[in-house]
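Heads up: the structure comes next, in structure tokens.
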Amino acid sequence: MDADRLKTLPLFGELSHHDRVKIARWADEVDVPEGKRLVTEGAFAHEFMVIESGTAEVTHDDQRIAELGPGDFFGEMALLEHQRRSATVTATTDLRLVVMHERDFRAMEDELPEVARMIRATMQERRARNPGSIDPS
Ligand code: CMP
């Protein structure tokens with residue numbers, strides 16, 4: 001994908017052009033329709049996603065726990081914690097996503113630790129807000 005498009009995303013906006021080019025090489029841009037289920041609670045995890053445009057909702061045990069919009073990311077918990085998906089994420093409008101597969105997410109963790117730290121900090125805020133959304137199994 002085009003590295004300059006990543007500038008609008010807070011997670012990547014502060015990176016050097018060189019590092020954004022790396023992210024762009026690791027990521028794909030994907031359009032998905034409203035209503036599509038992107039992540040399913042309890043499923044095995046293979047990717048990390050950032051919303052470029054549109055909105056999505058996070059549900060746990062059929063209850064809505066969060067609404068996500070442009071710049072927000074999801075799918076980090078299962079990858080960072082080596083667990084199954086903690087919640088379901090569904091597109092509530094048409095969405096444009098930046099999608100990173102697990103191996104590329106691991107490369108990003110190794111090569112761009114400042115991005116990994118931001119992702120981890122957000123994960124911890126989310127867990128503090130909704131401790132019930134984490135299934136320790
Ligand atoms: P993961 O467990 O991989 O898959 C479900 C995702 O929903 C999870 O990662 C987070 O990205 C997201 N999520 C879970 N709980 C919250 C929350 N309280 N607020 C925002 N997003 C959440």
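The way I read the labels, and the way they are meant: chains A, B, ... in the order of the structure tokens, residue 1 as the first residue of every chain, and ligand 1 as the first ligand shown, with later ones counted on from there.
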Quick one: everything within 8 Å of segment 47-64 of chain A, counting only C-alpha atoms, minus sequence neighbours fewer than 5 positions away in the same chain. Send it as a PDB file with C-alpha atoms, in the first residue's frame.
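The file below, part_5.pdb, is the result:
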ATOM      1  CA  LEU A   9      -3.277   7.228  11.249  1.00  0.00           C
ATOM      2  CA  GLU A  41     -14.821 -14.103  19.701  1.00  0.00           C
ATOM      3  CA  GLY A  69     -13.574   4.635  14.151  1.00  0.00           C
ATOM      4  CA  PRO A  70     -10.857   6.035  11.890  1.00  0.00           C
ATOM      5  CA  GLY A  71      -7.395   5.599  13.381  1.00  0.00           C
ATOM      6  CA  ASP A  72      -8.537   2.931  15.854  1.00  0.00           C
ATOM      7  CA  PHE A  73      -7.055  -0.531  15.642  1.00  0.00           C
ATOM      8  CA  PHE A  74      -8.193  -3.975  16.772  1.00  0.00           C
ATOM      9  CA  GLY A  75      -7.037  -7.559  16.887  1.00  0.00           C
ATOM     10  CA  GLU A  76      -3.979  -6.728  18.990  1.00  0.00           C
ATOM     11  CA  LEU A  79      -1.690 -11.552  18.903  1.00  0.00           C
ATOM     12  CA  SER A  86     -11.473 -11.807  23.196  1.00  0.00           C
ATOM     13  CA  ALA A  87     -14.443 -10.213  21.413  1.00  0.00           C
ATOM     14  CA  THR A  88     -16.270  -9.963  18.090  1.00  0.00           C
ATOM     15  CA  VAL A  89     -15.692  -6.966  15.804  1.00  0.00           C
ATOM     16  CA  THR A  90     -18.285  -6.123  13.124  1.00  0.00           C
ATOM     17  CA  ALA A  91     -18.293  -3.351  10.493  1.00  0.00           C
ATOM     18  CA  THR A  92     -21.124  -0.869  11.209  1.00  0.00           C
ATOM     19  CA  THR A  93     -20.443   1.043   7.940  1.00  0.00           C
ATOM     20  CA  ASP A  94     -18.433   0.195   4.840  1.00  0.00           C
ATOM     21  CA  LEU A  95     -14.818   0.136   6.000  1.00  0.00           C
ATOM     22  CA  ARG A  96     -11.375   0.646   4.610  1.00  0.00           C
ATOM     23  CA  LEU A  97      -8.842  -1.264   6.679  1.00  0.00           C
ATOM     24  CA  VAL A  98      -5.104  -1.596   6.915  1.00  0.00           C
ATOM     25  CA  VAL A  99      -4.530  -5.306   7.558  1.00  0.00           C
ATOM     26  CA  MET A 100      -1.311  -6.854   8.806  1.00  0.00           C
ATOM     27  CA  HIS A 101      -0.815 -10.595   9.003  1.00  0.00           C
ATOM     28  CA  GLU A 102       0.677 -12.118  12.109  1.00  0.00           C
ATOM     29  CA  PHE A 105       2.919  -7.837  12.969  1.00  0.00           C
ATOM     30  CA  SER A 133     -13.858  -8.883  27.942  1.00  0.00           C
TER      31      SER A 133
END
Within 8 Å of segment 16-22 of chain A using only C-alpha atoms, minus same-chain residues under 5 positions, as a ChimeraX atom specification: /A:2-4,6-7,112
Selected residues, N, CA and C atoms, written as a PDB file, in the first residue's frame, please.
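Result file is part19.pdb:
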ATOM      1  N   ASP A   2       0.253   2.414  -0.234  1.00  0.00           N
ATOM      2  CA  ASP A   2       0.969   3.690  -0.333  1.00  0.00           C
ATOM      3  C   ASP A   2       1.344   4.205   1.073  1.00  0.00           C
ATOM      4  N   ALA A   3       2.639   4.374   1.305  1.00  0.00           N
ATOM      5  CA  ALA A   3       3.113   4.764   2.639  1.00  0.00           C
ATOM      6  C   ALA A   3       2.529   6.100   3.085  1.00  0.00           C
ATOM      7  N   ASP A   4       2.291   7.024   2.169  1.00  0.00           N
ATOM      8  CA  ASP A   4       1.791   8.344   2.570  1.00  0.00           C
ATOM      9  C   ASP A   4       0.393   8.277   3.171  1.00  0.00           C
ATOM     10  N   LEU A   6      -0.588   6.266   5.272  1.00  0.00           N
ATOM     11  CA  LEU A   6      -0.470   5.890   6.687  1.00  0.00           C
ATOM     12  C   LEU A   6      -0.280   7.103   7.595  1.00  0.00           C
ATOM     13  N   LYS A   7       0.072   8.254   6.994  1.00  0.00           N
ATOM     14  CA  LYS A   7       0.329   9.475   7.783  1.00  0.00           C
ATOM     15  C   LYS A   7      -0.883   9.913   8.576  1.00  0.00           C
ATOM     16  N   LEU A 112      10.027  -1.975  15.049  1.00  0.00           N
ATOM     17  CA  LEU A 112       9.489  -0.658  15.424  1.00  0.00           C
ATOM     18  C   LEU A 112       8.889  -0.749  16.827  1.00  0.00           C
TER      19      LEU A 112
END
Sel. of strand (DSSP E or B) residues, segment 11-126 of chain A, as an MDAnalysis selection string: chainID A and resid 27:32 37:39 47:53 56:60 63:68 73:74 88:91 95:101
Backbone-only DSSP, alpha helix (DSSP H) members of chain A, as a PyMOL selection string: chain A and resi 10-13+17-26+76-81+102-111+113-129
Write the residues of the preceding selection, restricted to C-alpha atoms, as a CSV table (one decimal), in the first residue's frame.
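Output saved as selection-v4.csv:
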chain,number,residue,atom,x,y,z
A,10,PRO,CA,-2.1,8.2,14.7
A,11,LEU,CA,-0.4,4.9,15.2
A,12,PHE,CA,1.9,5.5,12.3
A,13,GLY,CA,1.8,9.3,11.8
A,17,HIS,CA,9.0,8.2,6.0
A,18,HIS,CA,11.5,5.3,6.0
A,19,ASP,CA,9.6,3.4,8.7
A,20,ARG,CA,6.2,4.2,7.1
A,21,VAL,CA,7.5,2.5,3.9
A,22,LYS,CA,8.3,-0.6,6.0
A,23,ILE,CA,4.7,-0.6,7.4
A,24,ALA,CA,3.3,-0.2,3.9
A,25,ARG,CA,5.3,-3.2,2.8
A,26,TRP,CA,3.9,-5.3,5.7
A,76,GLU,CA,-4.0,-6.7,19.0
A,77,MET,CA,-5.0,-8.6,22.1
A,78,ALA,CA,-5.0,-12.1,20.7
A,79,LEU,CA,-1.7,-11.6,18.9
A,80,LEU,CA,0.1,-9.9,21.8
A,81,GLU,CA,-1.3,-12.4,24.4
A,102,GLU,CA,0.7,-12.1,12.1
A,103,ARG,CA,4.2,-12.6,10.8
A,104,ASP,CA,4.3,-9.0,9.6
A,105,PHE,CA,2.9,-7.8,13.0
A,106,ARG,CA,5.8,-9.7,14.7
A,107,ALA,CA,8.3,-8.0,12.4
A,108,MET,CA,6.8,-4.7,13.3
A,109,GLU,CA,7.1,-5.5,17.0
A,110,ASP,CA,10.8,-6.3,16.5
A,111,GLU,CA,11.7,-3.5,14.2
A,113,PRO,CA,9.2,-1.1,19.2
A,114,GLU,CA,7.7,2.4,19.7
A,115,VAL,CA,4.7,1.3,17.6
A,116,ALA,CA,4.4,-1.9,19.6
A,117,ARG,CA,4.5,0.1,22.9
A,118,MET,CA,1.6,2.3,21.7
A,119,ILE,CA,-0.4,-0.8,20.8
A,120,ARG,CA,0.3,-2.4,24.1
A,121,ALA,CA,-0.6,0.8,26.0
A,122,THR,CA,-4.0,1.0,24.3
A,123,MET,CA,-4.6,-2.7,25.0
A,124,GLN,CA,-4.0,-2.1,28.7
A,125,GLU,CA,-6.4,0.8,28.7
A,126,ARG,CA,-9.0,-1.4,27.0
A,127,ARG,CA,-8.5,-4.2,29.5
A,128,ALA,CA,-8.8,-1.8,32.4
A,129,ARG,CA,-12.1,-0.4,31.1
